[in-house]
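> As input, take query.pdb (PDB, C-alpha atoms):
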```pdb
ATOM      1  CA  MET K   1     -67.548  36.645 -12.412
ATOM      2  CA  ASN K   2     -68.553  33.170 -13.510
ATOM      3  CA  SER K   3     -66.476  30.534 -11.705
ATOM      4  CA  GLU K   4     -65.977  28.745 -15.008
ATOM      5  CA  GLN K   5     -64.702  31.838 -16.788
ATOM      6  CA  THR K   6     -61.094  31.687 -17.917
ATOM      7  CA  VAL K   7     -58.894  34.094 -15.986
ATOM      8  CA  GLU K   8     -55.262  35.020 -16.212
ATOM      9  CA  SER K   9     -53.484  33.222 -13.404
ATOM     10  CA  LYS K  10     -49.924  33.883 -12.331
ATOM     11  CA  HIS K  11     -47.517  31.892 -10.206
ATOM     12  CA  VAL K  12     -46.429  34.329  -7.482
ATOM     13  CA  LEU K  13     -43.469  33.792  -5.172
ATOM     14  CA  VAL K  14     -44.052  35.332  -1.750
ATOM     15  CA  ILE K  15     -40.711  35.421   0.063
ATOM     16  CA  VAL K  16     -40.022  36.162   3.706
ATOM     17  CA  LEU K  17     -36.402  35.943   4.820
ATOM     18  CA  GLY K  18     -37.560  35.005   8.290
ATOM     19  CA  ASP K  19     -40.093  32.794  10.063
ATOM     20  CA  ILE K  20     -43.193  32.837   7.846
ATOM     21  CA  GLY K  21     -45.378  32.134  10.843
ATOM     22  CA  ARG K  22     -44.275  35.434  12.401
ATOM     23  CA  SER K  23     -45.240  37.413   9.313
ATOM     24  CA  PRO K  24     -49.042  37.530   9.146
ATOM     25  CA  ARG K  25     -48.724  40.494   6.800
ATOM     26  CA  MET K  26     -47.135  38.376   4.058
ATOM     27  CA  GLN K  27     -49.408  35.431   4.789
ATOM     28  CA  TYR K  28     -52.437  37.618   4.167
ATOM     29  CA  HIS K  29     -50.830  38.843   0.950
ATOM     30  CA  ALA K  30     -50.540  35.190  -0.084
ATOM     31  CA  LEU K  31     -54.149  34.525   0.917
ATOM     32  CA  SER K  32     -55.365  37.512  -1.090
ATOM     33  CA  LEU K  33     -53.473  36.296  -4.157
ATOM     34  CA  LEU K  34     -55.030  32.856  -3.781
ATOM     35  CA  GLU K  35     -58.490  34.364  -3.486
ATOM     36  CA  HIS K  36     -57.877  36.200  -6.767
ATOM     37  CA  GLY K  37     -57.108  32.937  -8.546
ATOM     38  CA  HIS K  38     -53.312  32.934  -8.531
ATOM     39  CA  CYS K  39     -50.972  30.103  -7.596
ATOM     40  CA  VAL K  40     -48.661  30.949  -4.699
ATOM     41  CA  SER K  41     -45.327  29.591  -3.496
ATOM     42  CA  LEU K  42     -44.758  30.872   0.048
ATOM     43  CA  ILE K  43     -41.070  30.760   0.990
ATOM     44  CA  GLY K  44     -39.451  31.399   4.347
ATOM     45  CA  TYR K  45     -37.943  29.911   7.490
ATOM     46  CA  GLU K  46     -39.222  27.032   9.548
ATOM     47  CA  GLY K  47     -40.991  28.083  12.718
ATOM     48  CA  GLU K  48     -44.468  28.919  13.906
ATOM     49  CA  ASP K  49     -47.645  27.670  12.239
ATOM     50  CA  LEU K  50     -49.268  29.601   9.427
ATOM     51  CA  ILE K  51     -52.599  31.348   9.806
ATOM     52  CA  PRO K  52     -55.547  28.893   9.796
ATOM     53  CA  GLN K  53     -56.613  29.867   6.263
ATOM     54  CA  LEU K  54     -53.261  28.674   4.899
ATOM     55  CA  ASN K  55     -52.692  25.850   7.343
ATOM     56  CA  GLY K  56     -55.869  23.875   6.719
ATOM     57  CA  GLY K  57     -57.519  25.099   9.892
ATOM     58  CA  GLU K  58     -60.606  26.174   8.005
ATOM     59  CA  GLN K  59     -61.815  23.303   5.841
ATOM     60  CA  SER K  60     -63.802  25.413   3.400
ATOM     61  CA  ILE K  61     -60.814  27.667   2.764
ATOM     62  CA  LYS K  62     -58.505  24.667   2.392
ATOM     63  CA  GLU K  63     -60.775  23.117  -0.225
ATOM     64  CA  VAL K  64     -60.941  26.346  -2.216
ATOM     65  CA  HIS K  65     -57.140  26.706  -2.337
ATOM     66  CA  GLU K  66     -56.284  23.013  -2.614
ATOM     67  CA  GLY K  67     -53.419  22.563  -5.063
ATOM     68  CA  LYS K  68     -52.754  26.301  -5.547
ATOM     69  CA  LEU K  69     -50.531  26.888  -2.509
ATOM     70  CA  ASN K  70     -47.016  25.553  -2.113
ATOM     71  CA  VAL K  71     -45.200  26.277   1.154
ATOM     72  CA  ALA K  72     -41.413  25.872   1.104
ATOM     73  CA  ARG K  73     -39.719  26.425   4.476
ATOM     74  CA  PHE K  74     -36.026  26.089   5.263
ATOM     75  CA  SER K  75     -33.640  26.543   8.181
ATOM     76  CA  PRO K  76     -30.573  28.615   7.214
ATOM     77  CA  TYR K  77     -27.199  28.004   8.817
ATOM     78  CA  SER K  78     -26.488  30.308  11.755
ATOM     79  CA  PRO K  79     -22.958  30.561  13.240
ATOM     80  CA  PRO K  80     -22.499  30.160  17.021
ATOM     81  CA  GLN K  81     -23.133  33.301  19.053
ATOM     82  CA  PHE K  82     -19.570  33.342  20.444
ATOM     83  CA  VAL K  83     -18.363  34.064  16.892
ATOM     84  CA  ARG K  84     -20.593  37.146  16.868
ATOM     85  CA  ARG K  85     -19.145  38.345  20.172
ATOM     86  CA  ILE K  86     -15.512  37.990  19.160
ATOM     87  CA  ALA K  87     -15.620  38.635  15.412
ATOM     88  CA  LEU K  88     -18.788  40.327  14.140
ATOM     89  CA  PRO K  89     -17.617  40.632  10.489
ATOM     90  CA  VAL K  90     -16.842  36.892  10.364
ATOM     91  CA  TYR K  91     -20.215  36.104  11.906
ATOM     92  CA  LEU K  92     -22.043  38.279   9.370
ATOM     93  CA  ILE K  93     -20.181  36.727   6.433
ATOM     94  CA  LEU K  94     -20.976  33.180   7.603
ATOM     95  CA  ARG K  95     -24.571  34.149   8.279
ATOM     96  CA  LEU K  96     -24.850  35.728   4.829
ATOM     97  CA  MET K  97     -23.443  32.611   3.176
ATOM     98  CA  GLY K  98     -25.993  30.484   5.037
ATOM     99  CA  LEU K  99     -28.842  32.739   3.897
ATOM    100  CA  VAL K 100     -27.667  32.750   0.288
ATOM    101  CA  TYR K 101     -27.343  28.980   0.186
ATOM    102  CA  GLY K 102     -30.693  28.349   1.875
ATOM    103  CA  LEU K 103     -32.644  30.808  -0.277
ATOM    104  CA  CYS K 104     -30.978  29.809  -3.559
ATOM    105  CA  SER K 105     -31.530  26.106  -2.847
ATOM    106  CA  THR K 106     -35.205  26.731  -2.151
ATOM    107  CA  LEU K 107     -35.652  28.851  -5.286
ATOM    108  CA  ALA K 108     -33.921  26.159  -7.342
ATOM    109  CA  TYR K 109     -36.295  23.560  -5.876
ATOM    110  CA  ILE K 110     -39.322  25.689  -6.798
ATOM    111  CA  ASN K 111     -37.985  26.396 -10.274
ATOM    112  CA  LYS K 112     -37.235  22.736 -10.938
ATOM    113  CA  ARG K 113     -40.840  21.770 -10.333
ATOM    114  CA  CYS K 114     -42.410  24.490 -12.494
ATOM    115  CA  ARG K 115     -43.584  23.801 -16.009
ATOM    116  CA  PRO K 116     -43.289  26.313 -18.867
ATOM    117  CA  VAL K 117     -46.526  27.699 -20.286
ATOM    118  CA  SER K 118     -47.377  30.086 -23.060
ATOM    119  CA  THR K 119     -48.226  33.710 -22.376
ATOM    120  CA  SER K 120     -51.889  33.096 -23.214
ATOM    121  CA  ALA K 121     -54.391  33.203 -20.370
ATOM    122  CA  ILE K 122     -54.859  29.950 -18.490
ATOM    123  CA  SER K 123     -57.481  28.746 -16.088
ATOM    124  CA  ALA K 124     -56.748  29.129 -12.397
ATOM    125  CA  LYS K 125     -57.883  25.522 -12.045
ATOM    126  CA  SER K 126     -54.826  24.374 -14.017
ATOM    127  CA  CYS K 127     -52.659  25.043 -10.947
ATOM    128  CA  ASN K 128     -53.620  21.680  -9.503
ATOM    129  CA  SER K 129     -50.244  20.681  -8.049
ATOM    130  CA  VAL K 130     -46.899  22.291  -7.339
ATOM    131  CA  SER K 131     -45.295  20.214 -10.082
ATOM    132  CA  ASN K 132     -47.885  21.701 -12.442
ATOM    133  CA  PHE K 133     -47.374  25.360 -11.459
ATOM    134  CA  GLN K 134     -46.563  27.602 -14.384
ATOM    135  CA  GLN K 135     -43.272  29.448 -14.296
ATOM    136  CA  VAL K 136     -42.992  32.392 -11.951
ATOM    137  CA  GLY K 137     -44.843  35.505 -13.062
ATOM    138  CA  CYS K 138     -44.232  37.767 -10.064
ATOM    139  CA  ILE K 139     -42.022  37.898  -6.960
ATOM    140  CA  LEU K 140     -43.236  39.591  -3.791
ATOM    141  CA  VAL K 141     -40.644  40.092  -1.058
ATOM    142  CA  GLN K 142     -40.733  41.578   2.411
ATOM    143  CA  ASN K 143     -38.099  44.166   3.302
ATOM    144  CA  PRO K 144     -36.205  44.021   5.648
ATOM    145  CA  PRO K 145     -33.998  42.152   5.542
ATOM    146  CA  SER K 146     -32.719  43.479   2.248
ATOM    147  CA  ILE K 147     -29.396  41.586   2.279
ATOM    148  CA  PRO K 148     -29.195  39.263   0.393
ATOM    149  CA  LEU K 149     -32.906  39.018  -0.474
ATOM    150  CA  LEU K 150     -33.250  41.940  -2.892
ATOM    151  CA  LEU K 151     -30.189  41.006  -4.951
ATOM    152  CA  ILE K 152     -31.017  37.292  -5.141
ATOM    153  CA  SER K 153     -34.635  38.037  -6.051
ATOM    154  CA  TYR K 154     -33.525  40.452  -8.770
ATOM    155  CA  ILE K 155     -31.035  37.979 -10.240
ATOM    156  CA  TYR K 156     -33.616  35.193 -10.064
ATOM    157  CA  SER K 157     -36.168  37.306 -11.940
ATOM    158  CA  MET K 158     -33.575  38.206 -14.595
ATOM    159  CA  LEU K 159     -32.719  34.538 -15.136
ATOM    160  CA  GLN K 160     -36.337  33.518 -15.724
ATOM    161  CA  ALA K 161     -36.893  35.255 -19.065
ATOM    162  CA  PRO K 162     -34.221  33.392 -21.119
ATOM    163  CA  PHE K 163     -35.642  30.009 -20.060
ATOM    164  CA  SER K 164     -39.344  30.695 -20.482
ATOM    165  CA  GLN K 165     -41.828  31.901 -23.062
ATOM    166  CA  GLN K 166     -42.864  34.847 -20.955
ATOM    167  CA  SER K 167     -41.377  38.163 -19.912
ATOM    168  CA  ARG K 168     -39.256  38.687 -16.819
ATOM    169  CA  PRO K 169     -41.263  38.343 -13.601
ATOM    170  CA  GLY K 170     -42.048  41.567 -11.800
ATOM    171  CA  LEU K 171     -40.314  42.217  -8.478
ATOM    172  CA  VAL K 172     -42.551  43.809  -5.845
ATOM    173  CA  ILE K 173     -41.181  44.972  -2.479
ATOM    174  CA  ASP K 174     -43.339  45.241   0.624
ATOM    175  CA  TRP K 175     -41.597  48.000   2.567
ATOM    176  CA  HIS K 176     -42.113  46.992   6.164
ATOM    177  CA  ASN K 177     -39.054  49.088   7.082
ATOM    178  CA  LEU K 178     -35.611  50.076   5.791
ATOM    179  CA  GLY K 179     -33.111  47.229   5.938
ATOM    180  CA  TYR K 180     -30.082  49.199   7.076
ATOM    181  CA  THR K 181     -31.929  50.216  10.249
ATOM    182  CA  MET K 182     -31.433  46.649  11.492
ATOM    183  CA  PHE K 183     -27.860  47.718  12.273
ATOM    184  CA  GLN K 184     -29.026  50.383  14.717
ATOM    185  CA  ASN K 185     -26.408  49.338  17.285
ATOM    186  CA  LEU K 186     -23.620  50.277  14.890
ATOM    187  CA  SER K 187     -22.227  53.757  14.405
ATOM    188  CA  PRO K 188     -23.670  55.676  11.405
ATOM    189  CA  ARG K 189     -20.147  55.656   9.955
ATOM    190  CA  HIS K 190     -19.596  51.939  10.451
ATOM    191  CA  PRO K 191     -18.627  50.306   7.091
ATOM    192  CA  ILE K 192     -21.305  47.619   7.438
ATOM    193  CA  LYS K 193     -24.060  50.187   7.972
ATOM    194  CA  ILE K 194     -22.794  52.404   5.145
ATOM    195  CA  PHE K 195     -22.687  49.420   2.772
ATOM    196  CA  ALA K 196     -26.168  48.242   3.813
ATOM    197  CA  LYS K 197     -27.648  51.689   3.154
ATOM    198  CA  PHE K 198     -25.890  52.012  -0.205
ATOM    199  CA  TYR K 199     -26.933  48.481  -1.217
ATOM    200  CA  GLU K 200     -30.580  49.161  -0.431
ATOM    201  CA  LYS K 201     -30.522  52.457  -2.302
ATOM    202  CA  ILE K 202     -29.071  50.793  -5.403
ATOM    203  CA  MET K 203     -31.384  47.776  -5.329
ATOM    204  CA  ALA K 204     -34.552  49.816  -4.762
ATOM    205  CA  PRO K 205     -33.961  53.432  -5.840
TER     206      PRO K 205
END
```
If you convert what's in this file into structure tokens, what do you get?


Amino acid sequence: MNSEQTVESKHVLVIVLGDIGRSPRMQYHALSLLEHGHCVSLIGYEGEDLIPQLNGGEQSIKEVHEGKLNVARFSPYSPPQFVRRIALPVYLILRLMGLVYGLCSTLAYINKRCRPVSTSAISAKSCNSVSNFQQVGCILVQNPPSIPLLLISYIYSMLQAPFSQQSRPGLVIDWHNLGYTMFQNLSPRHPIKIFAKFYEKIMAP
């Protein structure tokens, strides 16, 4: 394909509800999207460095993707461990609230800096800065954890259509595992585990 040829470019959110640096799988998804001419916002926790191709370790790669990658990392609130030992439900609720706030704040930050574009094809070269990214066209999430990521991502995608000139962004789930299995230390009949399994089944039937 001619490098000057106009291609359809999407703004893809790649979300990891964890340390991005510990998820090479999702980083390589992001890299592949970049190599296919899309703009990518990579969202996740602070932590380890990204792979060299996304972290500027390889100059040629960095130059190719300059201006098309936006990395937004945050540190969610985590309650003290003694709360977990004495009151697990309270710990989980506080942890959930911290995750919701951190993820929603980051998504709001990304959304605020996106510009609306028409549905017509645009050049991949137009993604020359995060403030010039078109509105989100697709959301790719890693599961687990499914709570609250799947619900927030679904609501976020639903809210995009009324405020843009394009259709609702697609929601794609990378099934690394089943989310409810993270509660393996709990009894199969524990309310938290039952809810987590039901939630995941409803959100991704």

> Decode the PyMOL selection byres ((chain K and resi 47) around 7) for the given file into explicit residues and return them as a ChimeraX atom specification.

/K:19,21,45-46,48-49

> Enter the distance from CA of Trp175 (chain K) to CA of Phe74 (chain K), in Å, rounded to one decimal.

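Between CA of Trp175 (chain K) and CA of Phe74 (chain K) the gap works out to 22.8 Å.
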
> Neighbours of Leu178 (chain K) within 12 Å (all atoms listed in the file; same-chain residues fewer than 6 positions away dropped), as a PyMOL selection string?

chain K and resi 142-147+184+193+196-201+204

> Evaluate the PyMOL selection byres ((chain K and resi 27-31) around 10) against this structure - the residues, as a PyMOL selection string, please.

chain K and resi 12-16+20-26+32-36+38-42+50-51+53-54+61+65+69+140+174

> Would you compute, for all listed atoms of region 191-200 of chain K, the axis-aligned bounding box grown by 6 Å on each side, and then report its centre and edge lengths in Å rounded to one decimal, as JSON?


```
{"center_x": -24.6, "center_y": 50.0, "center_z": 3.4, "size_x": 24.0, "size_y": 16.8, "size_z": 21.2}
```

> For His176 (chain K), which of K:Tyr154, K:Val141, K:Tyr101, K:Asn111 is the closest residue, counting all atoms listed in the file?

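Selected residue with least distance to His176 (chain K): K:Val141.
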
> Do you have the CA of Met203 (chain K)-CA of Leu151 (chain K) distance handy?

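Straight-line distance from CA of Met203 (chain K) to CA of Leu151 (chain K) works out to 6.9 Å.
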
> What is the distance, in Å and to one decimal place, between CA of Leu159 (chain K) and CA of Lys10 (chain K)?

17.4 Å

> Which residue gives the smallest distance to Ile139 (chain K) among K:Ile192, K:Lys112, K:His11, K:Asn70, with only C-alpha atoms counted?

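That would be K:His11, the residue with the smallest distance to Ile139 (chain K).
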
> For each of K:Thr181, K:Ser9, K:Leu99, K:Ala72, take the minimum atom-to-atom distance to Val136 (chain K), counting all atoms listed in the file, then give the residue where this is smallest.

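Result for the nearest residue to Val136 (chain K): K:Ser9.
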
> Name every residue that the PyMOL selection byres ((chain K and resi 80-90) around 12) selects in this structure, writing the answer as a list in words with chains first and numbers rising.

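In the shown coordinates, the PyMOL selection byres ((chain K and resi 80-90) around 12) covers Tyr77, Ser78, Pro79, Tyr91, Leu92, Ile93, Leu94, Arg95, Leu96, Met97, Phe183, Leu186, His190, Pro191, Ile192 and Lys193 of chain K.
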